[in-house]
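Pasting model12.csv here (CSV, C-alpha atoms):
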```
chain,number,residue,atom,x,y,z
A,1,ASN,CA,79.7,104.0,98.9
A,2,ARG,CA,81.1,105.0,102.2
A,3,LYS,CA,84.9,105.1,102.1
A,4,PHE,CA,87.1,104.2,105.1
A,5,PRO,CA,90.2,106.2,105.9
A,6,ALA,CA,92.4,103.2,105.4
A,7,ALA,CA,91.3,102.9,101.8
A,8,GLN,CA,92.8,106.3,101.1
A,9,ALA,CA,95.8,106.2,103.4
A,10,SER,CA,98.6,105.9,100.9
A,11,ALA,CA,99.4,105.0,97.3
A,12,PRO,CA,99.7,101.3,96.6
A,13,SER,CA,103.2,100.0,96.8
A,14,LYS,CA,104.9,98.1,93.9
A,15,SER,CA,104.6,94.9,96.0
A,16,PHE,CA,100.8,95.5,96.3
A,17,GLU,CA,100.6,96.1,92.5
A,18,ARG,CA,102.5,92.9,91.8
A,19,LEU,CA,100.4,90.9,94.3
A,20,SER,CA,97.2,92.3,92.7
A,21,LEU,CA,98.4,91.3,89.3
A,22,GLY,CA,99.4,87.9,90.6
A,23,VAL,CA,95.9,87.0,91.8
A,24,ALA,CA,94.1,88.7,89.0
A,25,GLU,CA,93.6,85.5,87.0
A,26,VAL,CA,94.1,82.9,89.7
A,27,PRO,CA,93.1,84.4,93.0
A,28,ILE,CA,94.8,81.9,95.2
A,29,VAL,CA,97.5,82.3,97.9
A,30,LEU,CA,99.1,78.9,98.6
A,31,CYS,CA,100.2,78.6,102.2
A,32,LEU,CA,103.1,76.2,102.8
A,33,ARG,CA,103.8,75.1,106.3
A,34,MET,CA,106.3,72.3,105.8
A,35,LYS,CA,108.6,70.1,107.8
A,36,SER,CA,111.7,71.0,105.7
A,37,SER,CA,112.9,73.7,103.3
A,38,ASP,CA,113.4,71.0,100.6
A,39,GLU,CA,109.7,70.0,100.9
A,40,ALA,CA,108.6,73.6,100.8
A,41,LEU,CA,110.7,74.4,97.7
A,42,HIS,CA,109.5,71.3,95.8
A,43,ALA,CA,105.9,71.9,96.7
A,44,ALA,CA,106.1,75.6,95.7
A,45,GLU,CA,107.7,74.8,92.4
A,46,ALA,CA,105.1,72.1,91.7
A,47,ALA,CA,102.2,74.5,92.4
A,48,ILE,CA,103.8,77.2,90.2
A,49,ARG,CA,103.9,74.7,87.3
A,50,GLY,CA,100.2,74.2,87.9
A,51,GLY,CA,99.5,77.9,87.6
A,52,VAL,CA,99.3,79.0,91.3
A,53,ARG,CA,101.8,81.8,91.4
A,54,VAL,CA,101.4,83.4,94.8
A,55,ILE,CA,103.1,81.4,97.5
A,56,GLU,CA,103.1,82.0,101.3
A,57,VAL,CA,106.0,80.3,103.1
A,58,THR,CA,105.3,80.2,106.8
A,59,LEU,CA,108.2,81.3,109.0
A,60,THR,CA,107.6,78.1,111.1
A,61,THR,CA,109.0,76.1,108.2
A,62,PRO,CA,112.7,75.2,108.8
A,63,GLY,CA,114.8,77.3,106.5
A,64,ALA,CA,111.8,79.5,105.5
A,65,LEU,CA,113.9,82.5,104.7
A,66,ASP,CA,116.1,80.5,102.3
A,67,VAL,CA,113.0,79.2,100.6
A,68,ILE,CA,111.6,82.7,100.2
A,69,GLU,CA,114.9,83.9,98.8
A,70,LYS,CA,115.0,81.1,96.2
A,71,LEU,CA,111.4,81.6,95.2
A,72,ALA,CA,111.8,85.4,95.0
A,73,SER,CA,114.4,84.8,92.2
A,74,LEU,CA,111.7,83.2,90.0
A,75,ASP,CA,109.9,85.6,87.7
A,76,GLU,CA,106.8,83.5,87.7
A,77,CYS,CA,106.4,83.6,91.5
A,78,ILE,CA,105.2,86.1,94.0
A,79,VAL,CA,106.4,85.0,97.4
A,80,GLY,CA,105.5,86.2,100.9
A,81,ALA,CA,106.1,85.2,104.5
A,82,GLY,CA,103.4,83.6,106.7
A,83,THR,CA,103.0,83.5,110.5
A,84,ALA,CA,104.8,86.8,110.8
A,85,VAL,CA,104.3,87.8,114.5
A,86,THR,CA,107.0,90.4,115.1
A,87,ALA,CA,108.5,93.4,113.3
A,88,ASN,CA,111.7,91.5,113.1
A,89,ASP,CA,109.9,88.7,111.2
A,90,VAL,CA,108.8,91.2,108.6
A,91,ILE,CA,112.3,92.8,108.3
A,92,GLN,CA,114.0,89.4,107.8
A,93,ALA,CA,111.3,88.3,105.3
A,94,ALA,CA,111.6,91.5,103.3
A,95,GLU,CA,115.4,91.2,103.2
A,96,ALA,CA,114.9,87.6,101.8
A,97,GLY,CA,112.7,89.0,99.0
A,98,ALA,CA,109.2,88.6,100.4
A,99,GLU,CA,106.6,90.9,98.9
A,100,PHE,CA,103.9,90.4,101.5
A,101,ALA,CA,103.7,89.3,105.2
A,102,MET,CA,100.8,87.3,106.4
A,103,SER,CA,100.0,87.2,110.1
A,104,PRO,CA,97.5,85.4,112.3
A,105,ILE,CA,97.1,88.6,114.3
A,106,ALA,CA,96.5,92.3,113.7
A,107,ASN,CA,99.4,94.1,115.3
A,108,ARG,CA,100.5,97.7,114.6
A,109,GLU,CA,104.2,97.0,114.8
A,110,ILE,CA,103.9,94.3,112.1
A,111,VAL,CA,101.9,96.6,109.8
A,112,ASP,CA,104.3,99.5,110.4
A,113,ALA,CA,107.3,97.3,109.6
A,114,CYS,CA,105.6,96.2,106.3
A,115,ARG,CA,105.2,99.8,105.3
A,116,GLU,CA,108.8,100.7,106.2
A,117,THR,CA,110.1,97.8,104.2
A,118,GLY,CA,107.7,98.3,101.3
A,119,ILE,CA,105.9,94.9,101.5
A,120,VAL,CA,102.2,94.3,101.8
A,121,PRO,CA,100.8,93.7,105.3
A,122,ILE,CA,98.0,91.1,105.5
A,123,PRO,CA,97.0,90.9,109.2
A,124,GLY,CA,94.7,88.2,110.5
A,125,ALA,CA,91.2,88.7,112.0
A,126,ALA,CA,88.2,86.6,112.9
A,127,THR,CA,85.5,89.0,114.0
A,128,PRO,CA,84.0,92.3,112.7
A,129,THR,CA,85.8,94.2,115.5
A,130,GLU,CA,89.2,92.7,114.5
A,131,ILE,CA,88.6,93.3,110.8
A,132,TYR,CA,87.8,96.9,111.5
A,133,HIS,CA,90.9,97.3,113.6
A,134,ALA,CA,93.1,95.7,110.9
A,135,ALA,CA,91.7,97.6,107.9
A,136,VAL,CA,90.6,100.9,109.3
A,137,GLU,CA,92.7,101.6,112.4
A,138,LEU,CA,95.9,99.9,111.1
A,139,GLY,CA,95.3,100.7,107.5
A,140,ALA,CA,96.0,97.2,106.1
A,141,PRO,CA,95.0,97.0,102.4
A,142,ILE,CA,94.0,93.3,102.8
A,143,VAL,CA,92.8,91.4,105.9
A,144,LYS,CA,93.1,87.6,106.2
A,145,VAL,CA,90.0,86.1,107.7
A,146,PHE,CA,91.3,83.2,109.7
A,147,PRO,CA,90.3,80.4,110.2
A,148,ILE,CA,87.4,80.8,107.7
A,149,SER,CA,86.2,77.2,108.4
A,150,THR,CA,85.1,78.2,111.8
A,151,CYS,CA,84.3,81.9,111.2
A,152,GLY,CA,81.3,81.0,108.9
A,153,GLY,CA,82.6,80.5,105.4
A,154,PRO,CA,81.3,82.5,102.5
A,155,LYS,CA,78.2,83.6,104.4
A,156,PHE,CA,80.4,85.4,106.9
A,157,ILE,CA,82.4,87.1,104.2
A,158,ARG,CA,79.2,88.3,102.5
A,159,ALA,CA,77.8,89.6,105.8
A,160,ILE,CA,81.0,91.5,106.5
A,161,GLY,CA,80.6,93.2,103.1
A,162,GLY,CA,77.6,95.0,104.4
A,163,PRO,CA,79.1,97.3,107.0
A,164,PHE,CA,82.6,97.2,105.4
A,165,PRO,CA,82.1,97.2,101.6
A,166,ASP,CA,85.6,98.6,100.8
A,167,VAL,CA,87.6,96.2,103.0
A,168,GLN,CA,89.3,93.5,100.9
A,169,LEU,CA,89.4,90.1,102.6
A,170,LEU,CA,91.4,87.0,102.1
A,171,PRO,CA,89.6,84.0,103.6
A,172,ALA,CA,92.0,81.3,104.6
A,173,SER,CA,92.4,78.0,106.5
A,174,GLY,CA,89.4,75.9,105.4
A,175,VAL,CA,88.6,77.0,101.8
A,176,GLU,CA,87.5,73.9,99.9
A,177,PHE,CA,87.5,73.5,96.1
A,178,GLY,CA,83.7,73.3,96.0
A,179,GLN,CA,83.5,76.7,97.8
A,180,LEU,CA,85.5,78.6,95.2
A,181,ASP,CA,82.4,79.8,93.3
A,182,ASP,CA,80.8,81.2,96.5
A,183,PHE,CA,83.9,82.9,97.7
A,184,LEU,CA,85.1,84.4,94.4
A,185,ALA,CA,81.6,85.7,93.5
A,186,LEU,CA,81.9,88.1,96.4
A,187,PRO,CA,83.3,91.6,95.5
A,188,ASN,CA,85.1,91.9,98.9
A,189,VAL,CA,87.3,88.8,98.3
A,190,PHE,CA,90.8,89.7,97.2
A,191,ALA,CA,91.8,86.1,96.9
A,192,VAL,CA,91.4,82.9,98.9
A,193,GLY,CA,94.0,81.0,100.9
A,194,ALA,CA,94.6,77.3,100.3
A,195,SER,CA,97.1,74.9,101.8
A,196,LYS,CA,96.6,71.1,102.4
A,197,GLN,CA,93.7,71.2,99.9
A,198,ILE,CA,96.3,71.5,97.1
A,199,VAL,CA,99.5,70.2,98.9
A,200,ARG,CA,98.3,66.9,100.2
A,201,ALA,CA,100.4,65.4,103.1
A,202,GLY,CA,100.6,62.0,101.3
A,203,ALA,CA,101.9,63.7,98.1
A,204,VAL,CA,104.6,65.4,100.1
A,205,ARG,CA,105.5,62.3,102.1
A,206,HIS,CA,105.9,60.2,98.9
A,207,SER,CA,107.5,63.1,96.8
A,208,GLN,CA,104.6,63.0,94.4
A,209,TRP,CA,105.2,66.5,93.2
A,210,SER,CA,103.3,65.9,89.9
A,211,SER,CA,100.1,65.3,91.8
A,212,ILE,CA,100.5,68.7,93.5
A,213,THR,CA,101.0,70.3,90.0
A,214,SER,CA,97.8,68.5,88.8
A,215,GLU,CA,95.8,69.7,91.8
A,216,ALA,CA,97.1,73.3,91.5
A,217,ALA,CA,96.2,73.2,87.8
A,218,ARG,CA,92.6,72.0,88.7
A,219,TRP,CA,92.2,74.9,91.2
A,220,ALA,CA,93.7,77.4,88.8
A,221,GLU,CA,91.5,76.3,85.9
A,222,ARG,CA,88.4,76.6,88.1
A,223,CYS,CA,89.4,80.1,89.0
A,224,ARG,CA,89.7,81.1,85.4
A,225,GLN,CA,86.3,79.6,84.6
A,226,LEU,CA,84.7,81.4,87.4
A,227,GLY,CA,86.4,84.6,86.4
A,228,GLN,CA,84.8,84.4,82.9
A,229,VAL,CA,81.4,83.6,84.4
A,230,HIS,CA,81.5,86.5,86.9
A,231,THR,CA,82.8,88.9,84.2
A,232,SER,CA,79.9,88.1,81.9
A,233,ARG,CA,77.2,88.6,84.5
```

Reformat the file's structure so that it appears as structure tokens.
Amino acid sequence: NRKFPAAQASAPSKSFERLSLGVAEVPIVLCLRMKSSDEALHAAEAAIRGGVRVIEVTLTTPGALDVIEKLASLDECIVGAGTAVTANDVIQAAEAGAEFAMSPIANREIVDACRETGIVPIPGAATPTEIYHAAVELGAPIVKVFPISTCGGPKFIRAIGGPFPDVQLLPASGVEFGQLDDFLALPNVFAVGASKQIVRAGAVRHSQWSSITSEAARWAERCRQLGQVHTSR
């Protein structure tokens, strides 16, 4: 297969290795965009109990850095920052203990700041040109395809694998439970992003944290089942 320069740019960081291990069995990154730090922390802990270990706390959440710091202290959690749009966002997130920075955009200063702080850059893209820019020109090891619900779903990710077979993608914003099989069967999918599909607004509003644990467990178990199916093919 043709190799892109980005795939050989540098050795994987410890954070990339931890993130890869974190999604090996349950390839889900749970995005939390909450109204308060307490809600974010409770939701994260509930999801972790259900088996979803990789948590993205968006920097638009009040007290996001405090939440990241608390989750970073948990051995069973790999936490990152979401909606990172400046180098300073990355620096502050890394200082709080984030191991990756997710962004809705593909920006060189954000990717460079991730490299300097040792955390994993996951820039966002929505077109082949943007994916190429993020993965090849900026050298990001993973590219978030966002919003996947309007980009074309699994068919789009499959099509991107034609010209860019070595680019690892993270479809986010619109992945539904029933699409897990289609997404996770694709070799260019690093993991999928989930949010309100697991953390329902009503559950948060009524502090029904156990229902979030149950839904996270349902998604995690389906991922494990699919992993066994795909391995046996």

Tell me which of A:Ala216, A:Arg222, A:Phe16, A:Gln228 sits closest to Ala43 of chain A, counting only C-alpha atoms.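 Checking each of A:Ala216, A:Arg222, A:Phe16, A:Gln228 against Ala43 of chain A, counting only C-alpha atoms, the winner is A:Ala216.
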
Could you name the residues that touch Ala87 of chain A at 8 Å or less, counting all atoms listed in the file, but leaving out those on the same chain fewer than 2 positions away, as a VMD selection string? chain A and resid 84 to 85 89 to 91 109 to 110 112 to 113

So what do you get for atom CA of Leu30 of chain A versus atom CA of Gly193 of chain A, distance-wise?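 Between these atoms lies a distance of 6.0 Å.
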
Would you pick out the contacts of Gly161 of chain A at 12 Å or less, using all atoms listed in the file, so that residues sharing its chain but fewer than 6 positions from it are not included, and give the list as a list in words? Asn1, Arg2, Pro128, Ile131, Tyr132, Pro154, Lys155, Val167, Gln168, Leu169, Leu186, Pro187, Asn188 and Val189 of chain A

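Excluding Ala220 of chain A and any residue on its chain fewer than 5 positions from it, the residues at most 10 Å away by all atoms listed in the file are Glu25, Val26, Pro27, Ile28, Ala47, Gly50, Gly51, Val52, Arg53, Ser214, Glu215, Gln225 and Leu226 of chain A.
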
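With all atoms listed in the file as the basis for measurement, A:Leu32 is the residue among A:Glu17, A:Leu32, A:Ala159, A:Ser173 that approaches Arg200 of chain A most closely.
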
Who sits within 12 Å of Ala172 of chain A, only C-alpha atoms, same chain under 3 positions skipped, as a ChimeraX atom specification: /A:28-31,56,82,102-104,122-126,143-154,157,169,175-176,179-180,183,189-197

In terms of the shortest atom-to-atom distance over all atoms listed in the file, which of A:Pro163, A:Ile78, A:Thr58, A:Pro12 is closest to Gly139 of chain A?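 Using all atoms listed in the file, Gly139 of chain A sits closest to A:Pro12.
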
The residue from A:Glu45, A:Lys35, A:Val111, A:Ser15 with the smallest atom-to-atom distance to Ser210 of chain A, counting all atoms listed in the file, is A:Glu45

Taking all atoms listed in the file into account, which of A:Val57, A:Ile68, A:Leu21, A:Ala96 comes nearest Thr83 of chain A?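 Going through A:Val57, A:Ile68, A:Leu21, A:Ala96 one by one, the smallest distance to Thr83 of chain A is for A:Val57.
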